[in-house]
Each structure stands twice: as structure tokens, then as C-alpha cells.
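Below is one structure, written out as C-alpha cells; comments come after it.
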Amino acid sequence: MSCVWGDRGGYVEKQFKTMKDRPVSERPYEKCLESGPESLSDGELLAVLLRSGSRECSALELAWKILEKHPVYKGIGGLHHLTLEMLKELPGIGNVKAIEILCVLELSKRLSRASVAREGEFSAPEHIAAYYMESMRHLNREKVLLLLLDGRHHLMKEIVLSQGTADSAPVSVRTIFTEAFRCGAVHMILIHNHPSGYPQPSREDLVLTRKIREAGELLGVPLTDHIIIGDRCFVSLREQDMM
């Protein structure tokens, strides 16, 4: 007897001792060959990557345990919140499998950014937000990036200004303009995430933005936008007239 993920959520018991005991429609490899990878559930896709389970459970059962591992973030989206140590707490997951899972997640982020990067221009807030969404929306701490752009709004350099706590990240205005002058930037954009998932700017966000904008106007390197990343959503302070 083993446990599998039910259609309505939660583990249910089924009389399958091994993967071979399951009907073909419930074996990820065979199902993929017959109907394509798009036919696989999240757990089945992960089971194909795992290849094998442990003495206690099959690869498919282990996959569902991984998807439920994080205490807060469940399902496929929760994978981005799992660390190497958290993965290795599960029987059947060692260094190799944990690293393979983390590398696949990093690959997914880079594929997402590569598809957006083909457009090349960093002038539209939705384009910039899409470029950074997958790499920033899962972060547990605030991270502030400075984007230095040339006269055609092409990205010249990306600089991490700060990595703070769950609700703040200190930024040095002096560092911003030192980097901008060193790079010969024509425009600047700030971008940071809100780990809460809600991108509405705080009072501190607005104060910092206005301080940098005013300094940029004096020094000839304008701040053209400050974008805040939430969970699949964003706020452009320029679009909201909050600059």
C-alpha cells in the first residue's frame, strides 16, 4: 500500500507497491511517450527528473512529498523556496538529486529571462518586470538592483545595491552615482522586490525614489523609473506618478 496525491489535494492510499504496478496512464515515462510532457502533472514531471525514489516510496510519491515540503509555499511554486538542506531532509534525496533539482529551477529562471531579453530594450516597465519576475518574486529578502542604461535604453550593467531583510534593504545614494559615472550611464532604473508578494510602495520606497530622482536631475543621470516586484505583479512608480 502506498500514498499518492488525490485529485482534490491530500494524500490518499492506493494498492500500488511499485511504479510497475500502476496502470500505464499513471507511469510518467510511459505517459510522456504516449501523450507528451504537457500531459504530465507537476508531480509526474518531477518524478521523471528524480528517476528513482527510496525504500519507503516510489519516485512519484517522493515527488509529491517534495512539492509539499515547504511549510508555507506548497506545490510547484514552492520549489523555488526550497534549499539544499530542506531537500536533503527527505529520505531518498541526497546531494546529487538536490543539486539537480536546484539547477533545473535556476535553468527555468534563465529561460524566462532569455525569452524576454531578446527584445533588448529596457524602456517599458512591463518588459523590465517580466525580465526580473521569475528571479525576484520568490526571494525571502528584499533585494535592490540598479540598472544602468545607455542612450537607447539598452542594459549596460546590473548592480546589486543591497540585500536586506524581509521588509527593508538599505541603499547608498552615493554608491548609485559612483557606479553610474564609472559606467558612463545615460539613464538609471531601480528595481526591488517585496517578499510579501504585494508590490505597493512603502513610505521609505517613495522617499528614497525622490531623493535619487532629485540627485539624478542635478548630476545629469536621470532616474527614469523605480519598479517594485511582487508575486506575478509589479508597480512602476513612473506609471503611478509617484516619482
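Following the order of the C-alpha cells, chains are lettered A, B, ..., residues in each are numbered from 1, and ligands are numbered from 1.
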### Query
Near range 43-47 of chain A, within 6 Å and counting only C-alpha atoms, which residues show up once chain neighbours fewer than 5 positions away are dropped, as a PyMOL selection string?
chain A and resi 28+59-60+63-64
### Task
List the neighbours of Phe177 in chain A out to 12 Å using only C-alpha atoms; skip same-chain residues closer than 6 positions along the sequence, and give me the result as a list in words.
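Result of the neighbour search: Leu146, Leu147, Leu148, Ile159, Leu161, Val171, Cys183, Gly184, Ala185, Val186, His187, Met188, Ile189, Ile212, Arg213, Ala215, Gly216, Glu217, Leu218, Leu219, Gly220, Val221, Pro222 and Leu223 of chain A.
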### Close residues, Ala129 in chain A itself excluded, 12 Å, only C-alpha atoms, min 4 positions apart in chain, as a count of residues only
31
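The two atoms in question, CA of Tyr131 in chain A and CA of Val104 in chain A, are spaced 18.2 Å apart.
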### Counting only C-alpha atoms, the option among A:Leu149, A:His154, A:Ala169, A:Met242 closest to Pro201 in chain A
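Looking at the shortest contact to Pro201 in chain A, the residue is A:Met242.
With only C-alpha atoms as the atoms that count, the minimum distance from Leu67 in chain A to the choices A:Met86, A:Leu50, A:Asp42, A:Asp205 is reached by A:Asp42.
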### Task
Do a neighbour search on Ile101 in chain A at 9 Å with only C-alpha atoms, toss out local chain neighbours closer than 2 positions, and write the hits as number ranges by chain.
A: 46, 49-50, 79, 87, 96-99, 103-106
### Message
When DSSP is applied to the backbone of this structure, which of range 92-207 of chain A are assigned strand (DSSP E or B)? Write them out as a ChimeraX atom specification.
### Response
/A:121,143-149,154-163,187-193
### Message
Which residues are near His81 in chain A? Cut-off 10 Å, only C-alpha atoms, ignore same chain within fewer than 2 positions. Put them as a ChimeraX atom specification.
### Response
/A:69-74,77-79,83,86,138-140
